[in-house]
Each structure stands twice: as structure tokens, then as C-alpha cells.
Amino acid sequence: MPLSNRATNAIVIAFLLSMVVLSAGLFAGLRCYCYVGFEPVAFEESAWKAADRERRGHMANDVYDQRLIMGKTADEVRAILGDPDDDQHFDRQHRFRYHLGHRGRNPNCPVPLTEYSLLVSFDAREIVRDVSIAD
């Protein structure tokens with residue numbers, strides 16, 4: 001005996017709702033797998049210079065919060081943080097970019113992840129005017 005339109009619609013709706021719930025569960029599971037934790041650590045000059053981008057990411061908050069490089073010259077910043085990953089010059093602006101990795105996210109996660117950077121912007125006299133952490 002064939003199903004009525006109402007019964008067919010109910011089955012389709014139930015199927016679609018179950019797919020939505022399943023997808024939400026899968027997404028939540030990936031997020032848990034993808035986030036492995038973020039533990040800020042104090043900045044230490046020699047550790048920063050020897051660290052990979054992920055480890056630098058854990059020290060970057062201290063650089064920012066303690067305003068360790070505000071008012072410093074570009075040469076002084078290089079002495080403290082080492083050479084930047086990118087030394088950018090554009091439209092009369094100068095900026096250093098230090099890559100910070102995923103900051104607590106699993107780099108093996110199957111979904112694309114944001115990489116963070118410590119951005120150090122200089123004024124016309126090559127003095128740090130702004131420090132930020134950006135994605």
C-alpha cells in the first residue's frame with residue numbers, strides 16, 4: 001500500500017532533521033578535536049628566538065600585554081624578537097609580521113584553521129606605534 005503525501009513528507013522531514021543533528025554533532029566533534037588548548041606563557045627573549053611559530057604564539061600575549069616593544073626602534077625590536085617573518089613596506093607604512101601559528105589549535109585538524117600573527121607597526125621615525133595580534 002503506497003504512503004500518503006503526509007506520511008512521505010513526515011519521513012523526508014525526519015530524515016532531513018536527523019542529517020542536521022548528525023552534521024552539528026560532527027562539527028562539534030571536529031571543533032573539540034581541532035582545539036588542543038592554549039596556555040599563555042611569559043615572554044623570554046632567548047626562548048622566543050629559538051621557538052617555532054606555535055611556541056611563539058603562546059608567548060605573544062605577554063609581548064602585547066606588557067607592552068614590551070612599544071616606543072622601541074625597528075632595530076631594537078629586531079634585537080628583542082629577532083628578524084621578522086615578513087618585513088612589509090607599503091603606502092609609507094612599515095610593519096613587521098611574526099607568525100604565531102594556530103595558538104592552541106591542532107595543526108593536523110582536517111578543517112582549515114586560522115594562523116595568527118604578531119603585527120608591529122612603525123611610525124615615520126621607525127618607532128613602534130602599534131602592536132597587535134591578528135588572524
# chains A, B, ... in the order shown; residues from 1 in each chain; ligands from 1

$ residues_around --residues "range 100-103 of chain A" --least-positions-apart "3" --cutoff "10 Å" --atoms "only C-alpha atoms" --output "VMD selection string"
chain A and resid 35 to 40 52 to 60 97 106 to 107 113 to 118 133 to 135

$ residues_around --residues "range 67-72 of chain A" --least-positions-apart "3" --cutoff "6 Å" --atoms "only C-alpha atoms" --output "PyMOL selection string"
chain A and resi 63-64+76+127-128

$ residues_around --residues "Lys49 in chain A" --least-positions-apart "6" --cutoff "12 Å" --atoms "only C-alpha atoms" --output "compact mmCIF listing (two decimals) with N, CA and C atoms, in the first residue's frame"
# COMPACT_ATOMS: atom_id res chain seq x y z
N PHE A 43 56.98 35.85 28.20
CA PHE A 43 57.96 36.09 27.15
C PHE A 43 59.36 35.96 27.74
N ARG A 55 55.10 27.89 19.46
CA ARG A 55 55.58 28.29 20.79
C ARG A 55 55.57 29.80 20.93
N ARG A 56 55.94 30.51 19.87
CA ARG A 56 55.87 31.98 19.92
C ARG A 56 54.45 32.45 20.16
N MET A 59 53.68 32.88 23.69
CA MET A 59 54.36 34.00 24.35
C MET A 59 53.86 35.36 23.88
N VAL A 77 63.57 46.34 18.13
CA VAL A 77 62.60 45.24 18.02
C VAL A 77 63.30 44.00 17.46
N ARG A 78 64.12 44.20 16.43
CA ARG A 78 64.88 43.07 15.87
C ARG A 78 65.80 42.45 16.93
N ALA A 79 66.39 43.28 17.77
CA ALA A 79 67.27 42.77 18.82
C ALA A 79 66.49 41.94 19.85
N ILE A 80 65.26 42.33 20.13
CA ILE A 80 64.44 41.65 21.14
C ILE A 80 63.76 40.41 20.56
N LEU A 81 63.11 40.57 19.38
CA LEU A 81 62.30 39.49 18.80
C LEU A 81 62.99 38.73 17.67
N GLY A 82 64.12 39.22 17.23
CA GLY A 82 64.77 38.59 16.08
C GLY A 82 64.19 39.14 14.78
N ASP A 83 64.69 38.64 13.68
CA ASP A 83 64.21 39.10 12.38
C ASP A 83 62.75 38.68 12.19
N PRO A 84 61.94 39.58 11.64
CA PRO A 84 60.53 39.23 11.42
C PRO A 84 60.39 38.21 10.28
N ASP A 85 59.26 37.51 10.27
CA ASP A 85 58.98 36.60 9.16
C ASP A 85 58.69 37.38 7.89
N TYR A 98 55.35 38.70 12.66
CA TYR A 98 55.91 37.47 13.24
C TYR A 98 54.79 36.44 13.27

$ closest_residue --among "A:Ala42, A:Asp123, A:Arg92, A:Trp48" --to "Asp65 in chain A" --atoms "only C-alpha atoms"
A:Ala42

$ select_by_dssp --residues "chain A" --states "strand (DSSP E or B)" --output "PyMOL selection string"
chain A and resi 35+73+86-90+93-101+105+116-122+127-134

$ write_last_selection --atoms "C-alpha atoms" --output "compact mmCIF listing (two decimals), in the first residue's frame"
# COMPACT_ATOMS: atom_id res chain seq x y z
CA TYR A 35 41.24 22.76 19.69
CA THR A 73 63.00 51.43 17.20
CA ASP A 86 57.81 39.45 6.92
CA ASP A 87 59.21 42.97 6.71
CA GLN A 88 56.45 44.88 4.94
CA HIS A 89 56.64 48.32 3.35
CA PHE A 90 53.55 49.78 1.71
CA GLN A 93 53.91 52.34 6.28
CA HIS A 94 56.37 49.89 7.72
CA ARG A 95 55.33 46.73 9.57
CA PHE A 96 56.97 43.59 10.92
CA ARG A 97 54.96 40.35 10.96
CA TYR A 98 55.91 37.47 13.24
CA HIS A 99 53.96 34.28 12.55
CA LEU A 100 52.37 32.75 15.66
CA GLY A 101 50.91 29.51 14.36
CA ARG A 105 44.57 24.62 17.58
CA TYR A 116 47.83 34.23 13.82
CA SER A 117 50.49 36.94 13.59
CA LEU A 118 52.08 39.50 15.86
CA LEU A 119 52.00 42.76 13.89
CA VAL A 120 54.40 45.55 14.81
CA SER A 121 53.70 48.86 13.07
CA PHE A 122 56.14 51.76 12.94
CA ILE A 127 59.39 53.91 16.29
CA VAL A 128 56.79 51.27 17.25
CA ARG A 129 53.38 52.93 17.20
CA ASP A 130 51.16 49.83 17.42
CA VAL A 131 51.38 46.16 18.34
CA SER A 132 48.54 43.75 17.65
CA ILE A 133 47.74 40.06 17.38
CA ALA A 134 45.75 39.33 14.25

$ closest_residue --among "A:Asp62, A:Val20, A:Arg125, A:Ala10" --to "Asp75 in chain A" --atoms "only C-alpha atoms"
A:Arg125

$ atom_distance --atom1 "CA of Gly104 in chain A" --atom2 "CA of Val41 in chain A"
12.4 Å

$ atom_distance --atom1 "CA of Pro110 in chain A" --atom2 "CA of Ala14 in chain A"
28.9 Å

$ select_by_dssp --residues "range 8-95 of chain A" --states "alpha helix (DSSP H)" --output "PyMOL selection string"
chain A and resi 8-34+45-50+53-65+74-81

$ write_last_selection --atoms "N, CA and C atoms" --output "short mmCIF file (atom, residue, chain, number, x, y, z; two decimals), in the first residue's frame"
data_model
loop_
_atom_site.label_atom_id
_atom_site.label_comp_id
_atom_site.auth_asym_id
_atom_site.auth_seq_id
_atom_site.Cartn_x
_atom_site.Cartn_y
_atom_site.Cartn_z
N THR A 8 4.82 10.59 3.54
CA THR A 8 6.07 10.79 2.80
C THR A 8 6.76 12.06 3.26
N ASN A 9 6.00 13.14 3.43
CA ASN A 9 6.57 14.42 3.90
C ASN A 9 7.16 14.26 5.30
N ALA A 10 6.48 13.53 6.17
CA ALA A 10 6.97 13.32 7.53
C ALA A 10 8.28 12.56 7.51
N ILE A 11 8.41 11.57 6.65
CA ILE A 11 9.64 10.78 6.55
C ILE A 11 10.78 11.65 6.03
N VAL A 12 10.52 12.46 5.02
CA VAL A 12 11.54 13.35 4.45
C VAL A 12 11.99 14.37 5.50
N ILE A 13 11.05 14.94 6.21
CA ILE A 13 11.40 15.93 7.24
C ILE A 13 12.21 15.27 8.36
N ALA A 14 11.82 14.10 8.79
CA ALA A 14 12.57 13.38 9.82
C ALA A 14 13.99 13.08 9.35
N PHE A 15 14.12 12.67 8.10
CA PHE A 15 15.45 12.38 7.55
C PHE A 15 16.31 13.65 7.52
N LEU A 16 15.74 14.74 7.04
CA LEU A 16 16.49 15.99 6.97
C LEU A 16 16.89 16.49 8.36
N LEU A 17 15.99 16.39 9.32
CA LEU A 17 16.33 16.81 10.68
C LEU A 17 17.43 15.93 11.27
N SER A 18 17.38 14.64 11.00
CA SER A 18 18.45 13.77 11.51
C SER A 18 19.79 14.12 10.87
N MET A 19 19.79 14.51 9.60
CA MET A 19 21.04 14.92 8.94
C MET A 19 21.58 16.20 9.56
N VAL A 20 20.69 17.14 9.89
CA VAL A 20 21.12 18.38 10.53
C VAL A 20 21.74 18.08 11.89
N VAL A 21 21.09 17.24 12.68
CA VAL A 21 21.61 16.89 14.00
C VAL A 21 22.95 16.15 13.87
N LEU A 22 23.04 15.23 12.95
CA LEU A 22 24.28 14.49 12.72
C LEU A 22 25.41 15.43 12.30
N SER A 23 25.11 16.36 11.39
CA SER A 23 26.12 17.32 10.93
C SER A 23 26.59 18.21 12.07
N ALA A 24 25.65 18.66 12.90
CA ALA A 24 26.01 19.50 14.05
C ALA A 24 26.91 18.73 15.01
N GLY A 25 26.59 17.47 15.24
CA GLY A 25 27.42 16.64 16.12
C GLY A 25 28.81 16.43 15.55
N LEU A 26 28.90 16.20 14.25
CA LEU A 26 30.19 16.03 13.59
C LEU A 26 31.01 17.30 13.69
N PHE A 27 30.37 18.45 13.44
CA PHE A 27 31.06 19.73 13.52
C PHE A 27 31.58 19.97 14.94
N ALA A 28 30.74 19.70 15.95
CA ALA A 28 31.15 19.89 17.34
C ALA A 28 32.32 18.97 17.67
N GLY A 29 32.28 17.74 17.18
CA GLY A 29 33.38 16.81 17.41
C GLY A 29 34.67 17.28 16.79
N LEU A 30 34.59 17.81 15.57
CA LEU A 30 35.79 18.33 14.91
C LEU A 30 36.35 19.52 15.66
N ARG A 31 35.47 20.37 16.17
CA ARG A 31 35.94 21.53 16.93
C ARG A 31 36.69 21.07 18.18
N CYS A 32 36.17 20.06 18.85
CA CYS A 32 36.85 19.54 20.05
C CYS A 32 38.20 18.93 19.66
N TYR A 33 38.24 18.20 18.58
CA TYR A 33 39.49 17.60 18.10
C TYR A 33 40.46 18.68 17.66
N CYS A 34 39.92 19.74 17.06
CA CYS A 34 40.78 20.77 16.49
C CYS A 34 41.38 21.70 17.54
N GLU A 45 63.21 36.33 25.91
CA GLU A 45 63.85 36.68 24.64
C GLU A 45 64.54 35.49 23.97
N SER A 46 65.36 34.76 24.69
CA SER A 46 66.09 33.65 24.06
C SER A 46 65.13 32.53 23.65
N ALA A 47 64.09 32.29 24.47
CA ALA A 47 63.10 31.25 24.12
C ALA A 47 62.32 31.65 22.88
N TRP A 48 61.95 32.93 22.77
CA TRP A 48 61.23 33.41 21.59
C TRP A 48 62.05 33.20 20.32
N LYS A 49 63.30 33.59 20.39
CA LYS A 49 64.15 33.48 19.20
C LYS A 49 64.39 32.03 18.79
N ALA A 50 64.40 31.11 19.74
CA ALA A 50 64.63 29.71 19.43
C ALA A 50 63.33 28.95 19.10
N ARG A 53 56.85 28.77 15.43
CA ARG A 53 55.73 29.70 15.45
C ARG A 53 54.67 29.33 16.49
N GLU A 54 54.44 28.05 16.72
CA GLU A 54 53.43 27.65 17.71
C GLU A 54 53.84 28.10 19.11
N ARG A 55 55.10 27.89 19.46
CA ARG A 55 55.58 28.29 20.79
C ARG A 55 55.57 29.80 20.93
N ARG A 56 55.94 30.51 19.87
CA ARG A 56 55.87 31.98 19.92
C ARG A 56 54.45 32.45 20.16
N GLY A 57 53.49 31.71 19.58
CA GLY A 57 52.08 32.07 19.78
C GLY A 57 51.68 32.08 21.24
N HIS A 58 52.29 31.20 22.03
CA HIS A 58 51.96 31.14 23.46
C HIS A 58 52.63 32.27 24.24
N MET A 59 53.68 32.88 23.69
CA MET A 59 54.36 34.00 24.35
C MET A 59 53.86 35.36 23.88
N ALA A 60 53.13 35.40 22.78
CA ALA A 60 52.76 36.68 22.17
C ALA A 60 51.88 37.54 23.06
N ASN A 61 51.01 36.93 23.85
CA ASN A 61 50.16 37.73 24.73
C ASN A 61 50.99 38.56 25.69
N ASP A 62 52.08 37.99 26.19
CA ASP A 62 52.93 38.70 27.12
C ASP A 62 53.62 39.89 26.43
N VAL A 63 54.07 39.68 25.21
CA VAL A 63 54.67 40.78 24.44
C VAL A 63 53.66 41.92 24.31
N TYR A 64 52.42 41.55 24.00
CA TYR A 64 51.36 42.55 23.80
C TYR A 64 50.94 43.18 25.14
N ASP A 65 50.60 42.35 26.12
CA ASP A 65 50.07 42.85 27.39
C ASP A 65 51.08 43.70 28.16
N ALA A 74 62.90 50.08 15.19
CA ALA A 74 62.87 48.83 14.42
C ALA A 74 64.10 47.98 14.76
N ASP A 75 65.26 48.60 14.91
CA ASP A 75 66.47 47.85 15.25
C ASP A 75 66.36 47.23 16.65
N GLU A 76 65.77 47.96 17.59
CA GLU A 76 65.60 47.42 18.94
C GLU A 76 64.61 46.25 18.94
N VAL A 77 63.57 46.34 18.13
CA VAL A 77 62.60 45.24 18.02
C VAL A 77 63.30 44.00 17.46
N ARG A 78 64.12 44.20 16.43
CA ARG A 78 64.88 43.07 15.87
C ARG A 78 65.80 42.45 16.93
N ALA A 79 66.39 43.28 17.77
CA ALA A 79 67.27 42.77 18.82
C ALA A 79 66.49 41.94 19.85
N ILE A 80 65.26 42.33 20.13
CA ILE A 80 64.44 41.65 21.14
C ILE A 80 63.76 40.41 20.56
N LEU A 81 63.11 40.57 19.38
CA LEU A 81 62.30 39.49 18.80
C LEU A 81 62.99 38.73 17.67
#

$ decode --residues "range 2-98 of chain A" --atoms "C-alpha atoms" --output "short mmCIF file (atom, residue, chain, number, x, y, z; two decimals), in the first residue's frame"
data_model
loop_
_atom_site.label_atom_id
_atom_site.label_comp_id
_atom_site.auth_asym_id
_atom_site.auth_seq_id
_atom_site.Cartn_x
_atom_site.Cartn_y
_atom_site.Cartn_z
CA PRO A 2 1.53 3.34 -1.05
CA LEU A 3 2.30 6.01 1.56
CA SER A 4 0.21 9.15 1.64
CA ASN A 5 1.78 12.52 0.85
CA ARG A 6 1.58 13.42 4.53
CA ALA A 7 3.48 10.27 5.54
CA THR A 8 6.07 10.79 2.80
CA ASN A 9 6.57 14.42 3.90
CA ALA A 10 6.97 13.32 7.53
CA ILE A 11 9.64 10.78 6.55
CA VAL A 12 11.54 13.35 4.45
CA ILE A 13 11.40 15.93 7.24
CA ALA A 14 12.57 13.38 9.82
CA PHE A 15 15.45 12.38 7.55
CA LEU A 16 16.49 15.99 6.97
CA LEU A 17 16.33 16.81 10.68
CA SER A 18 18.45 13.77 11.51
CA MET A 19 21.04 14.92 8.94
CA VAL A 20 21.12 18.38 10.53
CA VAL A 21 21.61 16.89 14.00
CA LEU A 22 24.28 14.49 12.72
CA SER A 23 26.12 17.32 10.93
CA ALA A 24 26.01 19.50 14.05
CA GLY A 25 27.42 16.64 16.12
CA LEU A 26 30.19 16.03 13.59
CA PHE A 27 31.06 19.73 13.52
CA ALA A 28 31.15 19.89 17.34
CA GLY A 29 33.38 16.81 17.41
CA LEU A 30 35.79 18.33 14.91
CA ARG A 31 35.94 21.53 16.93
CA CYS A 32 36.85 19.54 20.05
CA TYR A 33 39.49 17.60 18.10
CA CYS A 34 40.78 20.77 16.49
CA TYR A 35 41.24 22.76 19.69
CA VAL A 36 44.03 21.31 21.82
CA GLY A 37 44.29 24.14 24.34
CA PHE A 38 46.06 27.45 24.71
CA GLU A 39 48.36 28.12 27.62
CA PRO A 40 49.91 31.62 27.59
CA VAL A 41 53.49 31.71 28.87
CA ALA A 42 55.78 34.57 29.85
CA PHE A 43 57.96 36.09 27.15
CA GLU A 44 61.63 35.20 27.33
CA GLU A 45 63.85 36.68 24.64
CA SER A 46 66.09 33.65 24.06
CA ALA A 47 63.10 31.25 24.12
CA TRP A 48 61.23 33.41 21.59
CA LYS A 49 64.15 33.48 19.20
CA ALA A 50 64.63 29.71 19.43
CA ALA A 51 60.90 28.87 19.28
CA ASP A 52 58.81 27.70 16.36
CA ARG A 53 55.73 29.70 15.45
CA GLU A 54 53.43 27.65 17.71
CA ARG A 55 55.58 28.29 20.79
CA ARG A 56 55.87 31.98 19.92
CA GLY A 57 52.08 32.07 19.78
CA HIS A 58 51.96 31.14 23.46
CA MET A 59 54.36 34.00 24.35
CA ALA A 60 52.76 36.68 22.17
CA ASN A 61 50.16 37.73 24.73
CA ASP A 62 52.93 38.70 27.12
CA VAL A 63 54.67 40.78 24.44
CA TYR A 64 51.36 42.55 23.80
CA ASP A 65 50.07 42.85 27.39
CA GLN A 66 53.38 44.03 28.87
CA ARG A 67 53.93 46.49 26.01
CA LEU A 68 57.49 45.16 25.78
CA ILE A 69 58.32 46.77 22.44
CA MET A 70 56.19 49.94 22.45
CA GLY A 71 58.34 53.00 21.76
CA LYS A 72 61.27 50.90 20.52
CA THR A 73 63.00 51.43 17.20
CA ALA A 74 62.87 48.83 14.42
CA ASP A 75 66.47 47.85 15.25
CA GLU A 76 65.60 47.42 18.94
CA VAL A 77 62.60 45.24 18.02
CA ARG A 78 64.88 43.07 15.87
CA ALA A 79 67.27 42.77 18.82
CA ILE A 80 64.44 41.65 21.14
CA LEU A 81 62.30 39.49 18.80
CA GLY A 82 64.77 38.59 16.08
CA ASP A 83 64.21 39.10 12.38
CA PRO A 84 60.53 39.23 11.42
CA ASP A 85 58.98 36.60 9.16
CA ASP A 86 57.81 39.45 6.92
CA ASP A 87 59.21 42.97 6.71
CA GLN A 88 56.45 44.88 4.94
CA HIS A 89 56.64 48.32 3.35
CA PHE A 90 53.55 49.78 1.71
CA ASP A 91 51.98 53.25 1.32
CA ARG A 92 54.57 54.93 3.57
CA GLN A 93 53.91 52.34 6.28
CA HIS A 94 56.37 49.89 7.72
CA ARG A 95 55.33 46.73 9.57
CA PHE A 96 56.97 43.59 10.92
CA ARG A 97 54.96 40.35 10.96
CA TYR A 98 55.91 37.47 13.24
#
